Structures are given as structure tokens and as C-alpha cells.
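One file, coords.pdb, is given below (PDB, C-alpha atoms and all ligand atoms).
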```pdb
ATOM      1  CA  MET A   1     -39.457  13.817 -65.698
ATOM      2  CA  LEU A   2     -38.208  15.550 -68.859
ATOM      3  CA  GLU A   3     -40.609  15.740 -71.804
ATOM      4  CA  THR A   4     -38.568  13.574 -74.216
ATOM      5  CA  PRO A   5     -38.950  10.272 -72.309
ATOM      6  CA  HIS A   6     -42.650  11.068 -71.727
ATOM      7  CA  VAL A   7     -43.237  11.597 -75.461
ATOM      8  CA  ILE A   8     -41.302   8.513 -76.577
ATOM      9  CA  VAL A   9     -43.199   6.303 -74.131
ATOM     10  CA  GLY A  10     -46.497   7.861 -75.321
ATOM     11  CA  ALA A  11     -45.533   7.196 -78.944
ATOM     12  CA  ALA A  12     -44.473   3.628 -78.118
ATOM     13  CA  ILE A  13     -47.857   2.946 -76.493
ATOM     14  CA  ALA A  14     -49.618   4.167 -79.648
ATOM     15  CA  VAL A  15     -47.346   2.178 -81.961
ATOM     16  CA  ARG A  16     -47.607  -1.036 -79.956
ATOM     17  CA  SER A  17     -51.326  -0.999 -79.213
ATOM     18  CA  GLY A  18     -52.631   0.691 -82.365
ATOM     19  CA  ASN A  19     -55.992   0.798 -80.584
ATOM     20  CA  PRO A  20     -57.141   4.358 -79.789
ATOM     21  CA  TYR A  21     -59.434   3.251 -76.929
ATOM     22  CA  LEU A  22     -56.449   1.716 -75.198
ATOM     23  CA  ALA A  23     -53.612   3.963 -76.346
ATOM     24  CA  ILE A  24     -55.262   7.319 -75.577
ATOM     25  CA  PRO A  25     -55.975   6.732 -71.853
ATOM     26  CA  LEU A  26     -52.751   4.740 -71.375
ATOM     27  CA  SER A  27     -50.524   7.426 -72.868
ATOM     28  CA  PHE A  28     -52.068  10.005 -70.522
ATOM     29  CA  LEU A  29     -51.703   7.715 -67.495
ATOM     30  CA  SER A  30     -48.107   6.893 -68.460
ATOM     31  CA  HIS A  31     -47.188  10.449 -67.453
ATOM     32  CA  PHE A  32     -47.978   9.767 -63.797
ATOM     33  CA  VAL A  33     -46.280   6.377 -63.832
ATOM     34  CA  LEU A  34     -43.064   7.839 -65.287
ATOM     35  CA  ASP A  35     -43.039  10.669 -62.756
ATOM     36  CA  GLU A  36     -42.765   7.950 -60.080
ATOM     37  CA  VAL A  37     -39.562   6.638 -61.677
ATOM     38  CA  PRO A  38     -36.574   8.274 -59.933
ATOM     39  CA  HIS A  39     -35.569  11.187 -62.160
ATOM     40  CA  TRP A  40     -34.046  14.648 -62.288
ATOM     41  CA  ASN A  41     -35.317  17.767 -64.043
ATOM     42  CA  PRO A  42     -35.177  21.528 -63.432
ATOM     43  CA  HIS A  43     -37.618  22.656 -60.745
ATOM     44  CA  LEU A  44     -39.488  25.797 -61.631
ATOM     45  CA  THR A  45     -41.992  25.967 -58.801
ATOM     46  CA  THR A  46     -41.973  25.964 -55.044
ATOM     47  CA  LYS A  47     -44.029  23.648 -52.849
ATOM     48  CA  GLU A  48     -46.538  26.441 -52.285
ATOM     49  CA  GLY A  49     -47.167  26.842 -56.009
ATOM     50  CA  GLY A  50     -44.927  29.872 -56.404
ATOM     51  CA  VAL A  51     -42.781  30.232 -59.517
ATOM     52  CA  LYS A  52     -39.016  30.418 -59.086
ATOM     53  CA  LYS A  53     -36.947  32.706 -61.247
ATOM     54  CA  VAL A  54     -36.046  30.471 -64.197
ATOM     55  CA  ASP A  55     -32.251  30.506 -64.549
ATOM     56  CA  PRO A  56     -30.715  30.584 -68.074
ATOM     57  CA  ASN A  57     -29.356  27.018 -67.873
ATOM     58  CA  SER A  58     -32.730  25.578 -66.866
ATOM     59  CA  LEU A  59     -34.364  27.521 -69.672
ATOM     60  CA  LYS A  60     -31.821  26.171 -72.186
ATOM     61  CA  LEU A  61     -32.426  22.610 -71.007
ATOM     62  CA  ILE A  62     -36.208  23.017 -71.146
ATOM     63  CA  THR A  63     -36.003  24.446 -74.675
ATOM     64  CA  LEU A  64     -33.665  21.661 -75.826
ATOM     65  CA  ASP A  65     -35.785  18.962 -74.194
ATOM     66  CA  SER A  66     -39.038  20.317 -75.649
ATOM     67  CA  THR A  67     -37.475  20.570 -79.121
ATOM     68  CA  ILE A  68     -36.132  16.997 -79.011
ATOM     69  CA  ALA A  69     -39.515  15.799 -77.714
ATOM     70  CA  LEU A  70     -41.344  17.545 -80.565
ATOM     71  CA  ILE A  71     -38.959  16.256 -83.233
ATOM     72  CA  SER A  72     -38.831  12.667 -81.967
ATOM     73  CA  GLY A  73     -42.617  12.472 -81.559
ATOM     74  CA  SER A  74     -43.112  13.823 -85.097
ATOM     75  CA  VAL A  75     -40.511  11.490 -86.624
ATOM     76  CA  ILE A  76     -42.136   8.447 -85.000
ATOM     77  CA  ALA A  77     -45.632   9.610 -85.997
ATOM     78  CA  PHE A  78     -44.828  10.396 -89.630
ATOM     79  CA  SER A  79     -42.924   7.151 -90.077
ATOM     80  CA  ALA A  80     -46.382   5.534 -89.924
ATOM     81  CA  LEU A  81     -47.320   7.213 -93.232
ATOM     82  CA  PRO A  82     -49.257   6.547 -95.443
ATOM     83  CA  ASP A  83     -51.508   5.309 -92.610
ATOM     84  CA  PHE A  84     -52.849   8.708 -91.635
ATOM     85  CA  ASN A  85     -55.062   7.373 -88.803
ATOM     86  CA  ARG A  86     -51.968   5.898 -87.222
ATOM     87  CA  VAL A  87     -50.013   9.133 -87.618
ATOM     88  CA  LEU A  88     -52.843  10.976 -85.890
ATOM     89  CA  LEU A  89     -53.087   8.427 -83.070
ATOM     90  CA  ILE A  90     -49.342   8.656 -82.380
ATOM     91  CA  LEU A  91     -49.469  12.482 -82.381
ATOM     92  CA  ILE A  92     -52.442  12.482 -79.978
ATOM     93  CA  CYS A  93     -50.700  10.025 -77.647
ATOM     94  CA  CYS A  94     -47.492  12.096 -77.698
ATOM     95  CA  PHE A  95     -49.490  15.161 -76.751
ATOM     96  CA  LEU A  96     -51.430  13.394 -73.975
ATOM     97  CA  SER A  97     -48.211  11.965 -72.533
ATOM     98  CA  VAL A  98     -47.012  15.507 -71.769
ATOM     99  CA  LEU A  99     -50.392  17.187 -71.217
ATOM    100  CA  PRO A 100     -50.055  17.192 -67.390
ATOM    101  CA  ASP A 101     -46.908  19.332 -67.763
ATOM    102  CA  VAL A 102     -48.228  21.407 -70.683
ATOM    103  CA  MET A 103     -51.156  22.437 -68.449
ATOM    104  CA  GLU A 104     -48.663  24.108 -66.103
ATOM    105  CA  ALA A 105     -46.962  26.154 -68.810
ATOM    106  CA  PRO A 106     -49.371  29.133 -68.844
ATOM    107  CA  TYR A 107     -48.986  29.452 -65.051
ATOM    108  CA  ILE A 108     -45.194  29.284 -65.126
ATOM    109  CA  PHE A 109     -44.356  31.122 -68.336
ATOM    110  CA  LEU A 110     -47.342  33.359 -69.084
ATOM    111  CA  ASN A 111     -48.181  34.484 -65.574
ATOM    112  CA  TYR A 112     -51.663  32.943 -65.895
ATOM    113  CA  LYS A 113     -52.208  32.433 -62.171
ATOM    114  CA  LYS A 114     -55.396  30.430 -61.996
ATOM    115  CA  GLU A 115     -56.221  28.596 -58.785
ATOM    116  CA  TRP A 116     -57.018  25.302 -60.541
ATOM    117  CA  ILE A 117     -53.564  25.284 -62.183
ATOM    118  CA  ARG A 118     -51.934  26.031 -58.829
ATOM    119  CA  LYS A 119     -53.756  23.024 -57.380
ATOM    120  CA  TRP A 120     -52.657  20.924 -60.349
ATOM    121  CA  LEU A 121     -49.063  22.075 -59.856
ATOM    122  CA  PHE A 122     -49.257  21.090 -56.233
ATOM    123  CA  PHE A 123     -50.628  17.658 -57.167
ATOM    124  CA  GLN A 124     -47.871  17.010 -59.716
ATOM    125  CA  LYS A 125     -45.218  18.278 -57.335
ATOM    126  CA  ASN A 126     -46.312  15.729 -54.732
ATOM    127  CA  HIS A 127     -46.200  12.889 -57.244
ATOM    128  CA  GLN A 128     -42.554  13.038 -58.270
ATOM    129  CA  PHE A 129     -39.685  10.744 -57.372
ATOM    130  CA  ASN A 130     -36.740  13.137 -57.516
ATOM    131  CA  THR A 131     -33.133  12.029 -57.333
ATOM    132  CA  ASN A 132     -29.700  13.496 -58.127
ATOM    133  CA  ILE A 133     -28.730  14.595 -61.622
ATOM    134  CA  VAL A 134     -26.501  11.591 -62.471
ATOM    135  CA  TRP A 135     -28.996   8.878 -61.523
ATOM    136  CA  GLY A 136     -31.895  11.047 -62.550
ATOM    137  CA  LEU A 137     -30.639  11.425 -66.119
ATOM    138  CA  THR A 138     -29.504   7.787 -66.348
ATOM    139  CA  THR A 139     -32.996   6.485 -65.564
ATOM    140  CA  GLN A 140     -34.456   8.759 -68.248
ATOM    141  CA  VAL A 141     -31.963   7.613 -70.893
ATOM    142  CA  LEU A 142     -32.790   4.003 -69.940
ATOM    143  CA  THR A 143     -36.507   4.790 -70.188
ATOM    144  CA  ILE A 144     -35.984   6.130 -73.724
ATOM    145  CA  ILE A 145     -33.900   3.101 -74.753
ATOM    146  CA  ALA A 146     -36.481   0.682 -73.291
ATOM    147  CA  ALA A 147     -39.369   2.472 -75.047
ATOM    148  CA  VAL A 148     -37.570   2.525 -78.420
ATOM    149  CA  TRP A 149     -36.639  -1.135 -78.028
ATOM    150  CA  TRP A 150     -40.255  -2.017 -77.207
ATOM    151  CA  MET A 151     -41.508   0.043 -80.151
ATOM    152  CA  VAL A 152     -39.312  -1.628 -82.778
ATOM    153  CA  GLN A 153     -40.056  -5.206 -81.644
TER     154      GLN A 153
HETATM  155 ZN    ZN B 201     -45.293  15.516 -64.669
END
```
Can you present the structure in this file as C-alpha cells?
Ligand SMILES: [Zn+2]
Amino acid sequence: MLETPHVIVGAAIAVRSGNPYLAIPLSFLSHFVLDEVPHWNPHLTTKEGGVKKVDPNSLKLITLDSTIALISGSVIAFSALPDFNRVLLILICCFLSVLPDVMEAPYIFLNYKKEWIRKWLFFQKNHQFNTNIVWGLTTQVLTIIAAVWWMVQ
């Protein structure tokens, strides 16, 4: 799944629970749950753990998605000011919600070819429900809407 829905769900978990002992593990686990929702995103790796040549359009989408994820997570977090503990909890949960993908970044983008990351890549690759672009983007927009709706209740 793209990073934006991951981050907004992570933030929503933090906002709704407010309890770090619950929100921190749940936001991390939410990553794996969301990856089982039918979705579409650019594929940068092969089944064997090889890295495909990243085409310019995929790179643009990844940059846009990461930027929106960063901005939306920060906006949600800092709207909890002046409660600094809450800001911090939301930021931590946003980060944990995308950590499984962030862990792959050095392997894909920095040529840091460690065996444990390759194994991790392989694990994540086998725990994805991929579908076509139209349905795959629709489910992610719906995920974002549902998470925002839940958050503002
Ligand atoms: Zn993932």
C-alpha cells in the first residue's frame, strides 16, 4: 500500500487511543493489516529480492506519496499542540505505521544489500493483496476517508 494511507491510519490509532502501550504496537501492526487490503502501488522489487530499474513515473509517485504522508502526519500531530506528549505519540505512530517499508529503502535506493533486508523484502512481498490500479487506488482513498472519519469522531 502507499505510505499516505498507512500514515493516516497510524495517526488515527494514536489520536483515538491516546494510550502509548496500545497505540505503538497497533500502529506498527496496522501496516500488515493494510497490506492485506486489495491495493495498487509501484513495484520496485522482484520476487527474488532483486531491485527493478525505478522508472521516472514510479519515482514521481513515490516522492509525491512520501511528501503527502509526511505533511499529513505532521499536520495531524501538531494539531494536538499544546499537548506535546500527544504530538510525540502521533509522530511515533506515524513512523511505525510505515517502518516496514522504510526498512526496505536502504536496500532499494542506497544499494545497501544486506541479507536480512532481502529476507524482509521477501516477507513483505508475500504479504500483499495486489489489484489493478483503479480498484487499488479506490480502496486506498476509502481507507484514508474512513481513517479521517474515525479520527474526527
Ligand atoms: Zn508494506
How would you write, as an MDAnalysis selection string, the residues chosen by the PyMOL selection byres (((chain A and resi 28) around 9) and not hetatm) on this structure? chainID A and resid 10 23:27 29:32 93:100
When distances are computed from all atoms listed in the file, which of A:Trp120, A:Leu34, A:Ile108, A:Lys114 shows the smallest separation from Ile8 (chain A)? A:Leu34
Please determine, counting all atoms listed in the file, which residue among A:Val134, A:Leu22, A:Leu121, A:Met151 has the shortest atom-to-atom distance to ligand ZN 201 (chain B).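 Looking only at the distances to ligand ZN 201 (chain B), the closest residue turns out to be A:Leu121.
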Can you work out which residues are within 6 Å of ligand ZN 201 (chain B), considering only C-alpha atoms and all ligand atoms, and then hand them over as a list in words? Asp35, Pro100, Asp101 and Gln124 of chain A
Once you have the residues from the selection above, write them out as a PDB file, in the frame of the given file, restricted to C-alpha atoms.
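Here's the written file result-v2.pdb:
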```pdb
ATOM      1  CA  ASP A  35     -43.039  10.669 -62.756  1.00  0.00           C
ATOM      2  CA  PRO A 100     -50.055  17.192 -67.390  1.00  0.00           C
ATOM      3  CA  ASP A 101     -46.908  19.332 -67.763  1.00  0.00           C
ATOM      4  CA  GLN A 124     -47.871  17.010 -59.716  1.00  0.00           C
TER       5      GLN A 124
END
```
9 Å contact set for Asn132 (chain A), only C-alpha atoms, chain neighbours under 3 positions out, as a PyMOL selection string: chain A and resi 38-40+135-137
To one decimal place, how far is CA of Asp55 (chain A) from CA of His6 (chain A) in Å? 23.2 Å
Residue members of the PyMOL selection byres (((chain A and resi 43) around 12) and not hetatm) in the file shown, as a tab-separated table (two decimals) with C-alpha atoms, in the frame of the given file:
```tsv
chain	number	residue	atom	x	y	z
A	1	MET	CA	-39.46	13.82	-65.70
A	2	LEU	CA	-38.21	15.55	-68.86
A	39	HIS	CA	-35.57	11.19	-62.16
A	40	TRP	CA	-34.05	14.65	-62.29
A	41	ASN	CA	-35.32	17.77	-64.04
A	42	PRO	CA	-35.18	21.53	-63.43
A	44	LEU	CA	-39.49	25.80	-61.63
A	45	THR	CA	-41.99	25.97	-58.80
A	46	THR	CA	-41.97	25.96	-55.04
A	47	LYS	CA	-44.03	23.65	-52.85
A	49	GLY	CA	-47.17	26.84	-56.01
A	50	GLY	CA	-44.93	29.87	-56.40
A	51	VAL	CA	-42.78	30.23	-59.52
A	52	LYS	CA	-39.02	30.42	-59.09
A	53	LYS	CA	-36.95	32.71	-61.25
A	54	VAL	CA	-36.05	30.47	-64.20
A	55	ASP	CA	-32.25	30.51	-64.55
A	57	ASN	CA	-29.36	27.02	-67.87
A	58	SER	CA	-32.73	25.58	-66.87
A	59	LEU	CA	-34.36	27.52	-69.67
A	61	LEU	CA	-32.43	22.61	-71.01
A	62	ILE	CA	-36.21	23.02	-71.15
A	108	ILE	CA	-45.19	29.28	-65.13
A	121	LEU	CA	-49.06	22.08	-59.86
A	124	GLN	CA	-47.87	17.01	-59.72
A	125	LYS	CA	-45.22	18.28	-57.34
A	128	GLN	CA	-42.55	13.04	-58.27
A	130	ASN	CA	-36.74	13.14	-57.52
```
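Distance-wise, CA of Pro20 (chain A) and CA of Leu70 (chain A) end up 20.6 Å apart.
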Atomic distance CA of Ala14 (chain A) - CA of Ile90 (chain A), expressed in Å with one decimal: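 For CA of Ala14 (chain A) relative to CA of Ile90 (chain A), the distance reads 5.3 Å.
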Which residue out of A:Val102, A:Val7, A:Val15, A:Val141 has the minimum interatomic distance to Ala69 (chain A) when all atoms listed in the file are used?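 Going through A:Val102, A:Val7, A:Val15, A:Val141 one by one, the smallest distance to Ala69 (chain A) is for A:Val7.
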Padded axis-aligned box of region 123-135 of chain A (3 Å per side), centre and edge lengths, Å, one decimal, as lines of an AutoDock Vina configuration file:
```
center_x = -38.6
center_y = 13.6
center_z = -58.6
size_x = 30.1
size_y = 15.4
size_z = 13.7
```
Ile13 (chain A) proximity check over A:Leu64, A:Leu89, A:Ile117, A:Ser74, using all atoms listed in the file: winner is A:Leu89
Hey, what's within 12 Å of Ala146 (chain A) if we count all atoms listed in the file and toss same-chain stuff fewer than 6 positions away? As a PyMOL selection string, please? chain A and resi 5+8-9+12+139-140+152-153
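In terms of minimum interatomic distance to Ser66 (chain A), A:Thr4 ranks closest within A:Glu36, A:Ala147, A:Met103, A:Thr4, counting only C-alpha atoms.
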Among A:Arg118, A:Lys113, A:Arg86, A:His127, Gly18 (chain A) is approached most closely, using only C-alpha atoms, by A:Arg86
